[in-house]
Amino acid sequence: MDPPKGHSLKDWLRTTAHLADLLPTEVSVDRMLEAGGQGVVHLGRVDGVCAAVKVYYPGQLEQRVQREIAALQSVSCPSIVRLLWHGAVEVQGQRLEVVATEYVEGVPLNRMLETRALNHDELGVLAFDVASAIEAMWARRIVHRDVKPSNVLMRPNGRACVIDLGLARHLDETSLTDSGTTWGTRGYMSPEQWRCTKSLSCHSDMFSLGILLVEASAARHPSARDQRQLLAMALHETLPAEAAHWGHAGLLKQMLSPTAHRRPLPGQVREELAQYQST
C-alpha cells in the first residue's frame, strides 16, 4: 500500500500500520521510536525478539547500509548491538532498506551527560566496554569511524553498547569516501581521520574513545566540539581537571596521542581495566 497522493512518504512511514503491511510475517512493529534524517525507527519484534526496526528513506547511500549490515553480521560482541534481520520494502516504486537490530533498553550517553558526569567507576566500565567493541571490530579489520556519545547506549545495568556502524570502514573493501572528504563527527575525529587518511586503524577509534572519556568525566566536551581547537589542545600532555583525577589518567593520555601508533591497542585498555569486566 503506497501513500495517498499529497501525503509525505516520511510522514507515512511513521505510521506503524503502514509499515506492518510491507514486512514479512516474522517481523512485526508496535510503535514508532524516532524519526531522523536517515529514516524512521519503530519498536517491534523479529521472531519474538524485541527489536529496533529502521526503515531508511530513499536517497540514502544503499552501499553504506549494506556495509553496516555486513559489519553487524561479522562481529559478535556483548557491547555491540546485534543484527536480527535485514531486507527491503518497496514504496512508490522505490526500494527502502530495512535493518532490524536488538532493542537495547537504555539511555544514549549524550542524553545522560546532559544531566551529570560519570563517576570514576562508570568511566572504567565505559572504557572497557567500548574498547571491547573496538577490539571486536578490528579483529575483522573494521574501523567504526564515529565513536561518540550519541552512538553509545548505557544499559540499565550500567554496561555500554556501541550502535550505528553506518560509517564503519572495512579495510579489505573499496573505499566509498571521495578523495579529500572527511567522514566522521567534528570534535571526535583522530588527527589522521581529520586529514582524510584512508589507511585508518583501530588506533583512530581509540582516539575517539579518549575524547569520549574526557567528555564523560566532566559532562562537557573539551573544545565544544571544535575539531581544530581540539587537535591544538595537546590533551595527551594536559588533561582537564576532572579527567586528570581519574585513576587511569595515564592510559587516557596515551589514547589521546596525536601519533596513531603511540596509542594503546584496545586489548591493552581491556587488560588495564580488567576489574571492570562484566561478571
# chains A, B, ... in the order shown; residues from 1 in each chain; ligands from 1
$ residues_around --residues "Tyr188 in chain A" --least-positions-apart "4" --cutoff "7 Å" --atoms "only C-alpha atoms" --output "number ranges by chain"
A: 148, 208, 211
$ select_by_dssp --residues "range 77-173 of chain A" --states "strand (DSSP E or B)" --output "PyMOL selection string"
chain A and resi 80+83-91+94-102+107-108+142-143+152-154+160-162+169-170
$ closest_atom_pairs --of "range 17-51 of chain A" --to "range 91-98 of chain A" --cutoff "10 Å" --atoms "only C-alpha atoms" --output "tab-separated table"
residue	atom	partner	partner_atom	distance
A:Leu19	CA	A:Val91	CA	9.9
A:Leu22	CA	A:Val91	CA	8.8
A:Leu23	CA	A:Val98	CA	9.2
A:Gly39	CA	A:Val98	CA	9.4
A:Val40	CA	A:Val98	CA	9.7
A:Val41	CA	A:Val98	CA	9.6
$ write_last_selection --atoms "C-alpha atoms" --output "compact mmCIF listing (two decimals), in the first residue's frame"
# COMPACT_ATOMS: atom_id res chain seq x y z
CA LEU A 19 4.91 -0.38 7.64
CA LEU A 22 5.05 -4.32 3.97
CA LEU A 23 7.13 -6.51 6.28
CA GLY A 39 14.95 7.11 8.35
CA VAL A 40 12.27 6.05 10.82
CA VAL A 41 12.83 3.63 13.71
$ atom_distance --atom1 "CA of Ser28 in chain A" --atom2 "CA of Ser150 in chain A"
26.0 Å
$ residues_around --residues "range 242-257 of chain A" --least-positions-apart "3" --cutoff "10 Å" --atoms "only C-alpha atoms" --output "MDAnalysis selection string"
chainID A and resid 117 119:121 123:124 127 190:191 203:211 213:219 231 234:239 260:266 268:269 272:273
$ closest_residue --among "A:Val89, A:Leu200, A:Ala160, A:Leu212" --to "Val147 in chain A" --atoms "only C-alpha atoms"
A:Leu212
$ closest_residue --among "A:Ala71, A:Pro24, A:Leu43, A:Ser8" --to "Tyr57 in chain A" --atoms "only C-alpha atoms"
A:Ser8
$ decode --residues "range 228-253 of chain A" --atoms "N, CA and C atoms" --output "PDB file, in the first residue's frame"
ATOM      1  N   ARG A 228      39.333  21.704  15.168  1.00  0.00           N
ATOM      2  CA  ARG A 228      40.652  22.349  15.071  1.00  0.00           C
ATOM      3  C   ARG A 228      41.177  22.711  16.465  1.00  0.00           C
ATOM      4  N   GLN A 229      40.318  23.252  17.290  1.00  0.00           N
ATOM      5  CA  GLN A 229      40.736  23.599  18.641  1.00  0.00           C
ATOM      6  C   GLN A 229      41.106  22.348  19.430  1.00  0.00           C
ATOM      7  N   LEU A 230      40.330  21.288  19.218  1.00  0.00           N
ATOM      8  CA  LEU A 230      40.598  20.030  19.914  1.00  0.00           C
ATOM      9  C   LEU A 230      42.007  19.529  19.628  1.00  0.00           C
ATOM     10  N   LEU A 231      42.389  19.529  18.363  1.00  0.00           N
ATOM     11  CA  LEU A 231      43.694  18.999  17.978  1.00  0.00           C
ATOM     12  C   LEU A 231      44.843  19.908  18.409  1.00  0.00           C
ATOM     13  N   ALA A 232      44.510  21.147  18.737  1.00  0.00           N
ATOM     14  CA  ALA A 232      45.551  22.083  19.188  1.00  0.00           C
ATOM     15  C   ALA A 232      45.718  22.072  20.711  1.00  0.00           C
ATOM     16  N   MET A 233      44.859  21.335  21.411  1.00  0.00           N
ATOM     17  CA  MET A 233      44.837  21.397  22.873  1.00  0.00           C
ATOM     18  C   MET A 233      45.917  20.542  23.550  1.00  0.00           C
ATOM     19  N   ALA A 234      46.516  19.603  22.818  1.00  0.00           N
ATOM     20  CA  ALA A 234      47.540  18.709  23.393  1.00  0.00           C
ATOM     21  C   ALA A 234      47.032  18.025  24.660  1.00  0.00           C
ATOM     22  N   LEU A 235      45.866  17.386  24.540  1.00  0.00           N
ATOM     23  CA  LEU A 235      45.279  16.696  25.688  1.00  0.00           C
ATOM     24  C   LEU A 235      46.140  15.532  26.158  1.00  0.00           C
ATOM     25  N   HIS A 236      47.006  15.034  25.276  1.00  0.00           N
ATOM     26  CA  HIS A 236      47.895  13.937  25.668  1.00  0.00           C
ATOM     27  C   HIS A 236      48.946  14.390  26.675  1.00  0.00           C
ATOM     28  N   GLU A 237      49.075  15.692  26.810  1.00  0.00           N
ATOM     29  CA  GLU A 237      50.030  16.238  27.779  1.00  0.00           C
ATOM     30  C   GLU A 237      49.315  16.778  29.019  1.00  0.00           C
ATOM     31  N   THR A 238      48.210  17.482  28.815  1.00  0.00           N
ATOM     32  CA  THR A 238      47.483  18.088  29.931  1.00  0.00           C
ATOM     33  C   THR A 238      45.996  17.813  29.795  1.00  0.00           C
ATOM     34  N   LEU A 239      45.475  17.001  30.684  1.00  0.00           N
ATOM     35  CA  LEU A 239      44.049  16.683  30.685  1.00  0.00           C
ATOM     36  C   LEU A 239      43.271  17.717  31.487  1.00  0.00           C
ATOM     37  N   PRO A 240      41.986  17.930  31.171  1.00  0.00           N
ATOM     38  CA  PRO A 240      41.137  18.741  32.045  1.00  0.00           C
ATOM     39  C   PRO A 240      41.115  18.133  33.446  1.00  0.00           C
ATOM     40  N   ALA A 241      40.844  18.943  34.447  1.00  0.00           N
ATOM     41  CA  ALA A 241      40.961  18.520  35.846  1.00  0.00           C
ATOM     42  C   ALA A 241      40.167  17.254  36.147  1.00  0.00           C
ATOM     43  N   GLU A 242      38.914  17.184  35.671  1.00  0.00           N
ATOM     44  CA  GLU A 242      38.067  16.034  36.007  1.00  0.00           C
ATOM     45  C   GLU A 242      38.669  14.728  35.479  1.00  0.00           C
ATOM     46  N   ALA A 243      39.177  14.748  34.260  1.00  0.00           N
ATOM     47  CA  ALA A 243      39.782  13.552  33.674  1.00  0.00           C
ATOM     48  C   ALA A 243      41.129  13.246  34.308  1.00  0.00           C
ATOM     49  N   ALA A 244      41.858  14.291  34.686  1.00  0.00           N
ATOM     50  CA  ALA A 244      43.191  14.100  35.267  1.00  0.00           C
ATOM     51  C   ALA A 244      43.129  13.389  36.613  1.00  0.00           C
ATOM     52  N   HIS A 245      41.987  13.478  37.286  1.00  0.00           N
ATOM     53  CA  HIS A 245      41.845  12.854  38.603  1.00  0.00           C
ATOM     54  C   HIS A 245      41.389  11.398  38.510  1.00  0.00           C
ATOM     55  N   TRP A 246      41.089  10.922  37.313  1.00  0.00           N
ATOM     56  CA  TRP A 246      40.704   9.515  37.135  1.00  0.00           C
ATOM     57  C   TRP A 246      41.939   8.643  37.395  1.00  0.00           C
ATOM     58  N   GLY A 247      41.745   7.496  37.980  1.00  0.00           N
ATOM     59  CA  GLY A 247      42.859   6.628  38.319  1.00  0.00           C
ATOM     60  C   GLY A 247      43.616   6.074  37.128  1.00  0.00           C
ATOM     61  N   HIS A 248      43.047   6.191  35.928  1.00  0.00           N
ATOM     62  CA  HIS A 248      43.696   5.678  34.721  1.00  0.00           C
ATOM     63  C   HIS A 248      44.009   6.828  33.747  1.00  0.00           C
ATOM     64  N   ALA A 249      44.333   7.976  34.325  1.00  0.00           N
ATOM     65  CA  ALA A 249      44.611   9.161  33.508  1.00  0.00           C
ATOM     66  C   ALA A 249      45.802   8.942  32.585  1.00  0.00           C
ATOM     67  N   GLY A 250      46.786   8.164  33.024  1.00  0.00           N
ATOM     68  CA  GLY A 250      47.950   7.895  32.175  1.00  0.00           C
ATOM     69  C   GLY A 250      47.564   7.152  30.921  1.00  0.00           C
ATOM     70  N   LEU A 251      46.686   6.172  31.069  1.00  0.00           N
ATOM     71  CA  LEU A 251      46.183   5.425  29.914  1.00  0.00           C
ATOM     72  C   LEU A 251      45.390   6.335  28.994  1.00  0.00           C
ATOM     73  N   LEU A 252      44.603   7.209  29.581  1.00  0.00           N
ATOM     74  CA  LEU A 252      43.797   8.144  28.798  1.00  0.00           C
ATOM     75  C   LEU A 252      44.688   9.076  27.981  1.00  0.00           C
ATOM     76  N   LYS A 253      45.760   9.548  28.557  1.00  0.00           N
ATOM     77  CA  LYS A 253      46.691  10.408  27.814  1.00  0.00           C
ATOM     78  C   LYS A 253      47.273   9.667  26.605  1.00  0.00           C
TER      79      LYS A 253
END
